[in-house]
Amino acid sequence: MTSSFLDNAFFRNIYCNLASSDSARCAGGGPFGDGLFPPGWEWFAFLVTAFLTVFVVINGALLGVNAYIWGERRLIGRIQGRPGPNRWGPFGLLTPVADLIKILTKEDIVPAAADRLLFFLAPFLIVVPVLLVFAVVPFGSSSWVADLNIGLLYVLAVLSVESFAPVMAGWGSQNRYAMFGALRAVALLVSYEIPMVLSLLGVLMIAGSLSLVDVVHAQSVPFILVQPLGFLVFFIGTVAEIQRAPFDLAEAESELVGGYHTDYSGIRWGLFQAGEFLATIAGAAIIVTVFLGGWRGPDFLPSHAWFFIKLTGVLVVMTWIRGTLPRLRIDQVTSFAWKGLLPLAALNVVLSALLSLIWPAPTNGELWIMVAINMTVAAAALIVLGQFGPKAGERPTPAPVSTLREATPGGGN
Amino acid sequence: MTESSALVDVIFWVGAIAAIGASVMVVAARDVLKSAVFLAASFLAVGGIYVLLRAEFLAAVQVLIYVGAVSILIIFTIMMVRQIAGGNRSAGPFYVVTGAIAATLVSLAVIYAAYNTDWSDLDAAAASDQRVEAALTGSYASQPAPGNPKVDIIVAPATAAANSHPGVFERSTGNLGQLFIRDYVLAFEIISLVLLAALIGALVLARERRPT
């Protein structure tokens, strides 16, 4: 039996109080009550508990989005030397609430030429896959909705569905700005998915499992040290995949109005916004789980606290990047993925395969030897790769993108 | 097996009808891009059926490769090529006839294969024999058969923790990996080489010839 949300004491209590007749799952716990449901109705108690778990996780994630939007606006304000939102509530804490009320009361406009099916589906398609990611994230030493034995692959697969949203929004709007935004978004997503998937292979070889829970258990040394190249590629790939600055060229305000969600208003636009910030939190959660040791940490704090401290740290770094780096051009973005990240990821795969041939089940000491080897190779690879890029202070010559010359999107005519 | 078969049936029919409906819409939709989106929906429904068959790895790969990569590349191509994007070009008789012939041949092959496969019912086998169930879903131990030490027989339920293996469904990802990059590594690598050659060939054919 694969472990599920019933590993968590809180939800196990609820389940066993609803159906105390399930002796297999409730053995050794409790004292539990008489059970609300008669024997034979365990499946219903299971459903009720599952619904409660999902409710808690989804609403926690959405609350996290509100908190994060506030935190990011304050922090970026600080970086840019301005106060940021500070009117509503103490330190402007109620600003997301005010924003939400504003979004909900705005008129919902649908362009006359829009393809209604695609236009209406797109906002949901950007939120749902990201919420699905939270199903496998271990938030604490025994807190997860499900521990799938294909966990990491599940995350990658579910996130790859998300790349449909920009396409459907851009095509459904029948608007050139939206179409260009969608084209850029797809080019970006296709380019960065490959190095991202490759960068995780090294982790899988050391952990020997795709399950996120097992990956956390394998990290007696955090994988950011064992897999520095993998971490670098995965972190950059994640920032690109969720299209935050400096990779936000798909919704570049100065060129494309709002990119693929130009024509959306009201709550549909709100869903795009929520999806973007949810994706950031989900990406950070995966980075914490896979490379930073997840919920592991010294004992003086509970495991959940460690997870959220690390999550906040990663989110602050992402906000810092967003506040300080200028936006990249499309040809820079794609050539960086293919000529920079892909070779690094491939090198990491070969190196990790060699090391895991030498130490198939690494002990703590062997992991530290891997740290030394991988760090050296990573530094050397970055120095060598740096010789091919533009030097400091040199302006890169814009490459003619001949294949994109004829690519005038022909929506609507 | 733990799932009630009525529930499995319902999920199967929902997935099957979704897959077939989406496939019909691929052909019926007038907008080419919408066809591509329905194609992705069809892939997704097939992935759901894989989950039902407890091939989680296959399901995840189906979504990752077919929905996330193949469909997206098709859509990308459609958006780049103005002539396709604008119109509802009706196919000429040549395409209708060749398409019909190809579709008939493929469906005949699939039907032939389906009728000539031994669909022995795993559920029934597992219900009748505890060892089959253990080998599929639970954990089992193996020991050399008496009289023939080259053959391992399954002992269920596994008693000693040291000698117990996870069942086939519990370890399908690991088993697939074992087959791909240990037992059949040469075939696997040759296939990737062929795909790489196809990729480079397509690039060479499609490359814009610059005046030198």
# chains A, B, ... in the order shown; residues from 1 in each chain; ligands from 1
$ residues_around --residues "B:Ile65" --least-positions-apart "4" --cutoff "12 Å" --atoms "only C-alpha atoms" --output "PyMOL selection string"
(chain A and resi 153+156-161+190+193-194+197) or (chain B and resi 40+43-44+47+57-61+69-73)
$ write_last_selection --atoms "N, CA, C and O atoms" --output "mmCIF file, in the first residue's frame"
data_model
loop_
_atom_site.group_PDB
_atom_site.id
_atom_site.type_symbol
_atom_site.label_atom_id
_atom_site.label_comp_id
_atom_site.auth_asym_id
_atom_site.auth_seq_id
_atom_site.Cartn_x
_atom_site.Cartn_y
_atom_site.Cartn_z
ATOM 1 N N LEU A 153 8.104 12.519 -11.911
ATOM 2 C CA LEU A 153 7.614 12.446 -13.281
ATOM 3 C C LEU A 153 6.203 13.027 -13.360
ATOM 4 O O LEU A 153 5.855 13.732 -14.313
ATOM 5 N N LEU A 156 6.452 16.791 -13.453
ATOM 6 C CA LEU A 156 6.850 17.283 -14.771
ATOM 7 C C LEU A 156 5.702 17.138 -15.769
ATOM 8 O O LEU A 156 5.435 18.041 -16.566
ATOM 9 N N ALA A 157 5.005 15.994 -15.718
ATOM 10 C CA ALA A 157 3.927 15.751 -16.667
ATOM 11 C C ALA A 157 2.803 16.750 -16.468
ATOM 12 O O ALA A 157 2.300 17.359 -17.416
ATOM 13 N N VAL A 158 2.413 16.946 -15.204
ATOM 14 C CA VAL A 158 1.297 17.845 -14.919
ATOM 15 C C VAL A 158 1.651 19.273 -15.320
ATOM 16 O O VAL A 158 0.842 19.998 -15.898
ATOM 17 N N LEU A 159 2.906 19.671 -15.043
ATOM 18 C CA LEU A 159 3.294 21.034 -15.390
ATOM 19 C C LEU A 159 3.372 21.224 -16.897
ATOM 20 O O LEU A 159 3.173 22.324 -17.388
ATOM 21 N N SER A 160 3.662 20.128 -17.634
ATOM 22 C CA SER A 160 3.761 20.291 -19.085
ATOM 23 C C SER A 160 2.392 20.549 -19.699
ATOM 24 O O SER A 160 2.288 21.138 -20.768
ATOM 25 N N VAL A 161 1.324 20.108 -19.023
ATOM 26 C CA VAL A 161 -0.029 20.395 -19.535
ATOM 27 C C VAL A 161 -0.293 21.890 -19.474
ATOM 28 O O VAL A 161 -1.029 22.447 -20.286
ATOM 29 N N VAL A 190 8.986 25.157 -24.526
ATOM 30 C CA VAL A 190 9.562 23.996 -25.208
ATOM 31 C C VAL A 190 11.067 23.954 -24.989
ATOM 32 O O VAL A 190 11.654 22.903 -24.750
ATOM 33 N N GLU A 193 11.978 23.025 -21.097
ATOM 34 C CA GLU A 193 11.530 21.778 -20.491
ATOM 35 C C GLU A 193 12.619 20.713 -20.573
ATOM 36 O O GLU A 193 12.794 19.923 -19.640
ATOM 37 N N ILE A 194 13.388 20.714 -21.687
ATOM 38 C CA ILE A 194 14.381 19.646 -21.892
ATOM 39 C C ILE A 194 15.513 19.719 -20.876
ATOM 40 O O ILE A 194 15.786 18.738 -20.179
ATOM 41 N N VAL A 197 14.160 18.666 -17.365
ATOM 42 C CA VAL A 197 13.978 17.229 -17.135
ATOM 43 C C VAL A 197 15.332 16.553 -16.967
ATOM 44 O O VAL A 197 15.534 15.724 -16.080
ATOM 45 N N ALA B 40 -4.807 16.698 -28.107
ATOM 46 C CA ALA B 40 -4.176 16.648 -26.791
ATOM 47 C C ALA B 40 -5.149 16.087 -25.756
ATOM 48 O O ALA B 40 -4.767 15.287 -24.897
ATOM 49 N N PHE B 43 -5.205 12.371 -26.088
ATOM 50 C CA PHE B 43 -4.011 11.784 -25.462
ATOM 51 C C PHE B 43 -4.177 11.711 -23.947
ATOM 52 O O PHE B 43 -3.812 10.725 -23.303
ATOM 53 N N LEU B 44 -4.738 12.800 -23.386
ATOM 54 C CA LEU B 44 -4.904 12.877 -21.932
ATOM 55 C C LEU B 44 -5.851 11.785 -21.443
ATOM 56 O O LEU B 44 -5.586 11.120 -20.427
ATOM 57 N N GLY B 47 -4.156 8.559 -21.395
ATOM 58 C CA GLY B 47 -3.288 8.520 -20.216
ATOM 59 C C GLY B 47 -4.066 8.113 -18.976
ATOM 60 O O GLY B 47 -3.578 7.343 -18.144
ATOM 61 N N PHE B 57 3.748 4.846 -14.797
ATOM 62 C CA PHE B 57 4.889 5.422 -15.499
ATOM 63 C C PHE B 57 4.507 5.755 -16.941
ATOM 64 O O PHE B 57 4.755 6.854 -17.431
ATOM 65 N N LEU B 58 3.835 4.784 -17.582
ATOM 66 C CA LEU B 58 3.401 4.993 -18.963
ATOM 67 C C LEU B 58 2.461 6.191 -19.043
ATOM 68 O O LEU B 58 2.552 7.016 -19.960
ATOM 69 N N ALA B 59 1.556 6.306 -18.055
ATOM 70 C CA ALA B 59 0.599 7.418 -18.054
ATOM 71 C C ALA B 59 1.329 8.747 -17.951
ATOM 72 O O ALA B 59 1.047 9.681 -18.708
ATOM 73 N N ALA B 60 2.300 8.836 -17.031
ATOM 74 C CA ALA B 60 3.022 10.091 -16.859
ATOM 75 C C ALA B 60 3.802 10.435 -18.118
ATOM 76 O O ALA B 60 3.834 11.587 -18.555
ATOM 77 N N VAL B 61 4.419 9.404 -18.735
ATOM 78 C CA VAL B 61 5.182 9.661 -19.948
ATOM 79 C C VAL B 61 4.253 10.068 -21.087
ATOM 80 O O VAL B 61 4.571 10.960 -21.878
ATOM 81 N N ALA B 69 4.578 17.717 -25.167
ATOM 82 C CA ALA B 69 5.598 18.022 -26.170
ATOM 83 C C ALA B 69 5.060 17.904 -27.585
ATOM 84 O O ALA B 69 5.101 18.867 -28.344
ATOM 85 N N VAL B 70 4.508 16.730 -27.958
ATOM 86 C CA VAL B 70 4.097 16.520 -29.350
ATOM 87 C C VAL B 70 2.979 17.484 -29.737
ATOM 88 O O VAL B 70 3.064 18.201 -30.743
ATOM 89 N N SER B 71 1.936 17.546 -28.893
ATOM 90 C CA SER B 71 0.812 18.430 -29.222
ATOM 91 C C SER B 71 1.252 19.885 -29.264
ATOM 92 O O SER B 71 0.836 20.651 -30.146
ATOM 93 N N ILE B 72 2.118 20.261 -28.309
ATOM 94 C CA ILE B 72 2.564 21.652 -28.268
ATOM 95 C C ILE B 72 3.367 21.985 -29.530
ATOM 96 O O ILE B 72 3.215 23.066 -30.107
ATOM 97 N N LEU B 73 4.187 21.022 -29.996
ATOM 98 C CA LEU B 73 4.970 21.281 -31.210
ATOM 99 C C LEU B 73 4.046 21.400 -32.423
ATOM 100 O O LEU B 73 4.256 22.246 -33.287
#
$ closest_atom_pairs --of "stretch 194-242 of chain A" --to "stretch 360-383 of chain A" --cutoff "10 Å" --atoms "only C-alpha atoms" --output "CSV"
residue,atom,partner,partner_atom,distance
A:Met205,CA,A:Pro360,CA,8.5
A:Ile206,CA,A:Pro362,CA,7.4
A:Ala207,CA,A:Ala361,CA,8.4
A:Gly208,CA,A:Ala361,CA,8.3
A:Ala218,CA,A:Pro362,CA,9.3
A:Gln219,CA,A:Asn364,CA,9.3
A:Ser220,CA,A:Asn364,CA,6.7
A:Val221,CA,A:Leu367,CA,6.9
A:Pro222,CA,A:Leu367,CA,9.6
A:Phe223,CA,A:Val371,CA,8.8
A:Ile224,CA,A:Val371,CA,9.1
A:Leu225,CA,A:Val371,CA,5.7
A:Val226,CA,A:Val371,CA,4.5
A:Gln227,CA,A:Asn374,CA,6.6
A:Pro228,CA,A:Met375,CA,6.4
A:Leu229,CA,A:Ala378,CA,5.8
A:Gly230,CA,A:Ala378,CA,9.4
A:Leu232,CA,A:Ala378,CA,9.6
$ atom_distance --atom1 "atom CA of A:Val186" --atom2 "atom CA of B:Phe38"
17.7 Å
$ select_by_dssp --residues "stretch 24-220 of chain A" --states "alpha helix (DSSP H)" --output "PyMOL selection string"
chain A and resi 24-26+42-79+95-105+116-133+151-161+164-173+176-207+212-218
$ residues_around --residues "A:Ala337" --least-positions-apart "4" --cutoff "8 Å" --atoms "only C-alpha atoms" --output "ChimeraX atom specification"
/A:191-192,195,333,341-342
$ write_last_selection --atoms "all heavy atoms" --output "compact mmCIF listing (two decimals), in the first residue's frame"
# COMPACT_ATOMS: atom_id res chain seq x y z
N SER A 191 11.72 25.14 -25.03
CA SER A 191 13.18 25.15 -24.88
C SER A 191 13.61 24.74 -23.48
O SER A 191 14.59 24.03 -23.32
CB SER A 191 13.75 26.53 -25.17
OG SER A 191 13.15 27.10 -26.27
N TYR A 192 12.91 25.21 -22.47
CA TYR A 192 13.41 25.01 -21.11
C TYR A 192 12.98 23.70 -20.49
O TYR A 192 13.52 23.29 -19.48
CB TYR A 192 13.01 26.18 -20.22
CG TYR A 192 13.94 27.34 -20.41
CD1 TYR A 192 13.75 28.25 -21.42
CD2 TYR A 192 15.07 27.47 -19.62
CE1 TYR A 192 14.62 29.29 -21.64
CE2 TYR A 192 15.95 28.50 -19.82
CZ TYR A 192 15.72 29.41 -20.83
OH TYR A 192 16.60 30.41 -21.05
N PRO A 195 16.21 20.88 -20.72
CA PRO A 195 17.25 20.92 -19.69
C PRO A 195 16.69 20.67 -18.29
O PRO A 195 17.37 20.06 -17.45
CB PRO A 195 17.84 22.34 -19.81
CG PRO A 195 17.03 23.07 -20.77
CD PRO A 195 16.23 22.10 -21.55
N VAL A 333 16.99 34.25 -24.92
CA VAL A 333 16.40 33.24 -24.04
C VAL A 333 16.57 31.84 -24.61
O VAL A 333 17.03 30.92 -23.92
CB VAL A 333 14.90 33.57 -23.85
CG1 VAL A 333 14.17 32.37 -23.32
CG2 VAL A 333 14.75 34.72 -22.89
N LEU A 341 22.28 25.89 -20.96
CA LEU A 341 21.75 24.97 -19.95
C LEU A 341 21.83 23.52 -20.41
O LEU A 341 22.14 22.64 -19.62
CB LEU A 341 20.30 25.33 -19.63
CG LEU A 341 20.09 26.67 -18.93
CD1 LEU A 341 18.66 26.83 -18.52
CD2 LEU A 341 20.99 26.78 -17.71
N LEU A 342 21.53 23.27 -21.71
CA LEU A 342 21.49 21.88 -22.18
C LEU A 342 22.85 21.19 -22.04
O LEU A 342 22.90 20.07 -21.51
CB LEU A 342 20.96 21.84 -23.61
CG LEU A 342 20.61 20.45 -24.11
CD1 LEU A 342 19.51 19.86 -23.26
CD2 LEU A 342 20.15 20.50 -25.56
$ residues_around --residues "A:Val215" --least-positions-apart "3" --cutoff "12 Å" --atoms "only C-alpha atoms" --output "JSON, numbers by chain"
{"A": [136, 137, 138, 147, 148, 149, 150, 151, 152, 200, 202, 203, 204, 205, 206, 207, 208, 209, 210, 211, 212, 218, 219, 220, 221, 222, 223, 286, 287, 288, 289, 290, 291, 292, 293, 294, 295, 296]}
$ write_last_selection --atoms "N, CA, C and O atoms" --output "compact mmCIF listing (two decimals), in the first residue's frame"
# COMPACT_ATOMS: atom_id res chain seq x y z
N VAL A 136 1.61 16.06 -4.40
CA VAL A 136 2.72 15.15 -4.08
C VAL A 136 3.81 15.81 -3.25
O VAL A 136 4.79 15.15 -2.91
N VAL A 137 3.67 17.09 -2.96
CA VAL A 137 4.73 17.77 -2.20
C VAL A 137 4.66 17.36 -0.74
O VAL A 137 3.61 17.47 -0.12
N PRO A 138 5.76 16.82 -0.16
CA PRO A 138 5.75 16.52 1.28
C PRO A 138 6.00 17.80 2.08
O PRO A 138 7.09 18.35 2.07
N ASP A 147 1.73 9.94 -1.85
CA ASP A 147 3.14 9.67 -2.13
C ASP A 147 3.18 8.74 -3.34
O ASP A 147 3.18 7.53 -3.20
N LEU A 148 3.15 9.35 -4.54
CA LEU A 148 3.14 8.53 -5.76
C LEU A 148 4.54 7.96 -5.99
O LEU A 148 5.53 8.63 -5.73
N ASN A 149 4.60 6.73 -6.52
CA ASN A 149 5.93 6.19 -6.81
C ASN A 149 6.50 6.75 -8.11
O ASN A 149 7.62 6.45 -8.47
N ILE A 150 5.73 7.61 -8.80
CA ILE A 150 6.27 8.30 -9.97
C ILE A 150 6.29 9.80 -9.70
O ILE A 150 6.22 10.62 -10.63
N GLY A 151 6.39 10.20 -8.43
CA GLY A 151 6.21 11.60 -8.01
C GLY A 151 6.82 12.66 -8.91
O GLY A 151 6.10 13.53 -9.42
N LEU A 152 8.14 12.59 -9.15
CA LEU A 152 8.78 13.66 -9.90
C LEU A 152 8.30 13.70 -11.34
O LEU A 152 8.07 14.77 -11.90
N LEU A 200 17.08 16.82 -13.58
CA LEU A 200 16.59 16.02 -12.46
C LEU A 200 17.13 14.60 -12.48
O LEU A 200 17.07 13.90 -11.48
N GLY A 202 20.14 13.40 -12.50
CA GLY A 202 21.20 13.16 -11.54
C GLY A 202 20.64 12.88 -10.15
O GLY A 202 21.08 11.96 -9.45
N VAL A 203 19.67 13.68 -9.76
CA VAL A 203 19.02 13.49 -8.46
C VAL A 203 18.41 12.10 -8.38
O VAL A 203 18.57 11.39 -7.38
N LEU A 204 17.73 11.69 -9.45
CA LEU A 204 17.07 10.39 -9.44
C LEU A 204 18.08 9.26 -9.30
O LEU A 204 17.83 8.28 -8.62
N MET A 205 19.24 9.43 -9.96
CA MET A 205 20.24 8.35 -9.88
C MET A 205 20.74 8.19 -8.46
O MET A 205 20.97 7.07 -8.01
N ILE A 206 20.93 9.30 -7.74
CA ILE A 206 21.43 9.19 -6.37
C ILE A 206 20.33 8.71 -5.44
O ILE A 206 20.54 7.84 -4.59
N ALA A 207 19.12 9.29 -5.60
CA ALA A 207 18.04 8.92 -4.69
C ALA A 207 17.51 7.52 -5.00
O ALA A 207 17.01 6.83 -4.12
N GLY A 208 17.59 7.10 -6.26
CA GLY A 208 17.12 5.77 -6.64
C GLY A 208 15.62 5.64 -6.60
O GLY A 208 15.10 4.53 -6.51
N SER A 209 14.90 6.75 -6.65
CA SER A 209 13.44 6.67 -6.62
C SER A 209 12.87 7.94 -7.21
O SER A 209 13.50 8.99 -7.20
N LEU A 210 11.65 7.82 -7.77
CA LEU A 210 10.97 9.00 -8.31
C LEU A 210 10.06 9.63 -7.26
O LEU A 210 9.57 10.72 -7.46
N SER A 211 9.83 8.91 -6.17
CA SER A 211 8.91 9.43 -5.16
C SER A 211 9.54 10.60 -4.42
O SER A 211 10.69 10.53 -3.98
N LEU A 212 8.79 11.69 -4.28
CA LEU A 212 9.35 12.88 -3.62
C LEU A 212 9.69 12.60 -2.17
O LEU A 212 10.64 13.16 -1.62
N ALA A 218 16.45 10.54 1.05
CA ALA A 218 17.81 10.26 0.58
C ALA A 218 18.77 11.41 0.87
O ALA A 218 19.97 11.25 0.72
N GLN A 219 18.23 12.58 1.26
CA GLN A 219 19.09 13.75 1.37
C GLN A 219 19.68 13.90 2.76
O GLN A 219 19.35 14.84 3.49
N SER A 220 20.59 13.01 3.13
CA SER A 220 21.32 13.25 4.36
C SER A 220 22.30 14.42 4.14
O SER A 220 22.65 15.13 5.07
N VAL A 221 22.71 14.59 2.88
CA VAL A 221 23.38 15.81 2.46
C VAL A 221 22.45 16.45 1.44
O VAL A 221 22.03 15.78 0.51
N PRO A 222 22.08 17.75 1.62
CA PRO A 222 21.16 18.35 0.66
C PRO A 222 21.70 18.25 -0.77
O PRO A 222 22.89 18.43 -1.00
N PHE A 223 20.79 17.95 -1.72
CA PHE A 223 21.25 17.71 -3.09
C PHE A 223 21.75 18.97 -3.78
O PHE A 223 22.35 18.89 -4.84
N ILE A 286 8.99 22.53 -5.14
CA ILE A 286 9.71 21.41 -5.74
C ILE A 286 11.21 21.59 -5.55
O ILE A 286 11.94 20.63 -5.23
N ILE A 287 11.70 22.82 -5.73
CA ILE A 287 13.13 23.07 -5.52
C ILE A 287 13.52 22.74 -4.09
O ILE A 287 14.54 22.07 -3.84
N VAL A 288 12.69 23.17 -3.12
CA VAL A 288 12.99 22.88 -1.71
C VAL A 288 13.02 21.38 -1.49
O VAL A 288 13.92 20.84 -0.84
N THR A 289 12.02 20.68 -2.06
CA THR A 289 11.92 19.24 -1.81
C THR A 289 13.07 18.47 -2.44
O THR A 289 13.64 17.57 -1.83
N VAL A 290 13.43 18.84 -3.67
CA VAL A 290 14.39 18.03 -4.40
C VAL A 290 15.84 18.42 -4.07
O VAL A 290 16.70 17.56 -4.00
N PHE A 291 16.09 19.71 -3.85
CA PHE A 291 17.49 20.13 -3.71
C PHE A 291 17.85 20.64 -2.32
O PHE A 291 19.01 20.67 -1.96
N LEU A 292 16.90 21.10 -1.54
CA LEU A 292 17.24 21.73 -0.26
C LEU A 292 16.89 20.85 0.93
O LEU A 292 16.83 21.31 2.06
N GLY A 293 16.59 19.58 0.69
CA GLY A 293 16.33 18.69 1.82
C GLY A 293 14.91 18.70 2.33
O GLY A 293 14.63 18.09 3.35
N GLY A 294 14.00 19.38 1.63
CA GLY A 294 12.59 19.34 2.02
C GLY A 294 12.37 19.75 3.46
O GLY A 294 12.86 20.79 3.90
N TRP A 295 11.68 18.88 4.19
CA TRP A 295 11.32 19.22 5.57
C TRP A 295 12.43 18.87 6.55
O TRP A 295 12.27 19.00 7.74
N ARG A 296 13.56 18.37 6.06
CA ARG A 296 14.62 17.98 7.00
C ARG A 296 15.29 19.20 7.61
O ARG A 296 15.47 20.22 6.96
$ closest_residue --among "A:Asn348, A:Ser173, A:Thr262, A:Asn86" --to "A:Phe234" --atoms "only C-alpha atoms"
A:Asn348
$ closest_residue --among "A:Phe119, A:Tyr154, A:Phe11, A:Tyr177" --to "chain B" --atoms "only C-alpha atoms"
A:Tyr154
$ closest_residue --among "A:Ala282, A:Leu311, A:Leu121, A:Met318" --to "chain B" --atoms "only C-alpha atoms"
A:Leu121
$ atom_distance --atom1 "atom CA of A:Pro90" --atom2 "atom CA of A:Ala67"
13.4 Å
$ closest_residue --among "A:Trp320, A:Phe231, A:Phe277, A:Trp43" --to "chain B" --atoms "only C-alpha atoms"
A:Trp43
$ atom_distance --atom1 "atom CA of A:Thr319" --atom2 "atom CA of A:Gly60"
20.4 Å
$ residues_around --residues "A:Val110" --least-positions-apart "3" --cutoff "8 Å" --atoms "only C-alpha atoms" --output "list in words"
Ala114, Asp263 and Tyr264 of chain A
$ closest_residue --among "B:Thr117, B:Gln62, B:Ser42, B:Ser23" --to "chain A" --atoms "only C-alpha atoms"
B:Gln62
$ closest_residue --among "B:Leu179, B:Ile190, B:Val67, B:Val110" --to "chain A" --atoms "only C-alpha atoms"
B:Val67
$ residues_around --residues "A:Val128" --least-positions-apart "2" --cutoff "10 Å" --atoms "only C-alpha atoms" --output "list in words"
Pro123, Phe124, Leu125, Ile126, Val130, Leu131, Leu132, Val133, Val158, Leu159, Val161, Glu162, Gly275 and Leu278 of chain A
$ write_last_selection --atoms "C-alpha atoms" --output "PDB file, in the first residue's frame"
ATOM      1  CA  PRO A 123      -7.783  30.465 -17.339  1.00  0.00           C
ATOM      2  CA  PHE A 124      -8.734  27.155 -15.734  1.00  0.00           C
ATOM      3  CA  LEU A 125      -5.975  25.310 -17.520  1.00  0.00           C
ATOM      4  CA  ILE A 126      -3.392  27.617 -15.999  1.00  0.00           C
ATOM      5  CA  VAL A 130      -0.371  23.800 -10.677  1.00  0.00           C
ATOM      6  CA  LEU A 131      -2.804  22.855  -7.934  1.00  0.00           C
ATOM      7  CA  LEU A 132      -2.262  19.201  -8.882  1.00  0.00           C
ATOM      8  CA  VAL A 133       1.461  19.608  -8.147  1.00  0.00           C
ATOM      9  CA  VAL A 158       1.297  17.845 -14.919  1.00  0.00           C
ATOM     10  CA  LEU A 159       3.294  21.034 -15.390  1.00  0.00           C
ATOM     11  CA  VAL A 161      -0.029  20.395 -19.535  1.00  0.00           C
ATOM     12  CA  GLU A 162       0.103  23.966 -18.314  1.00  0.00           C
ATOM     13  CA  GLY A 275      -1.926  30.717 -11.705  1.00  0.00           C
ATOM     14  CA  LEU A 278       0.739  29.499  -7.662  1.00  0.00           C
TER      15      LEU A 278
END
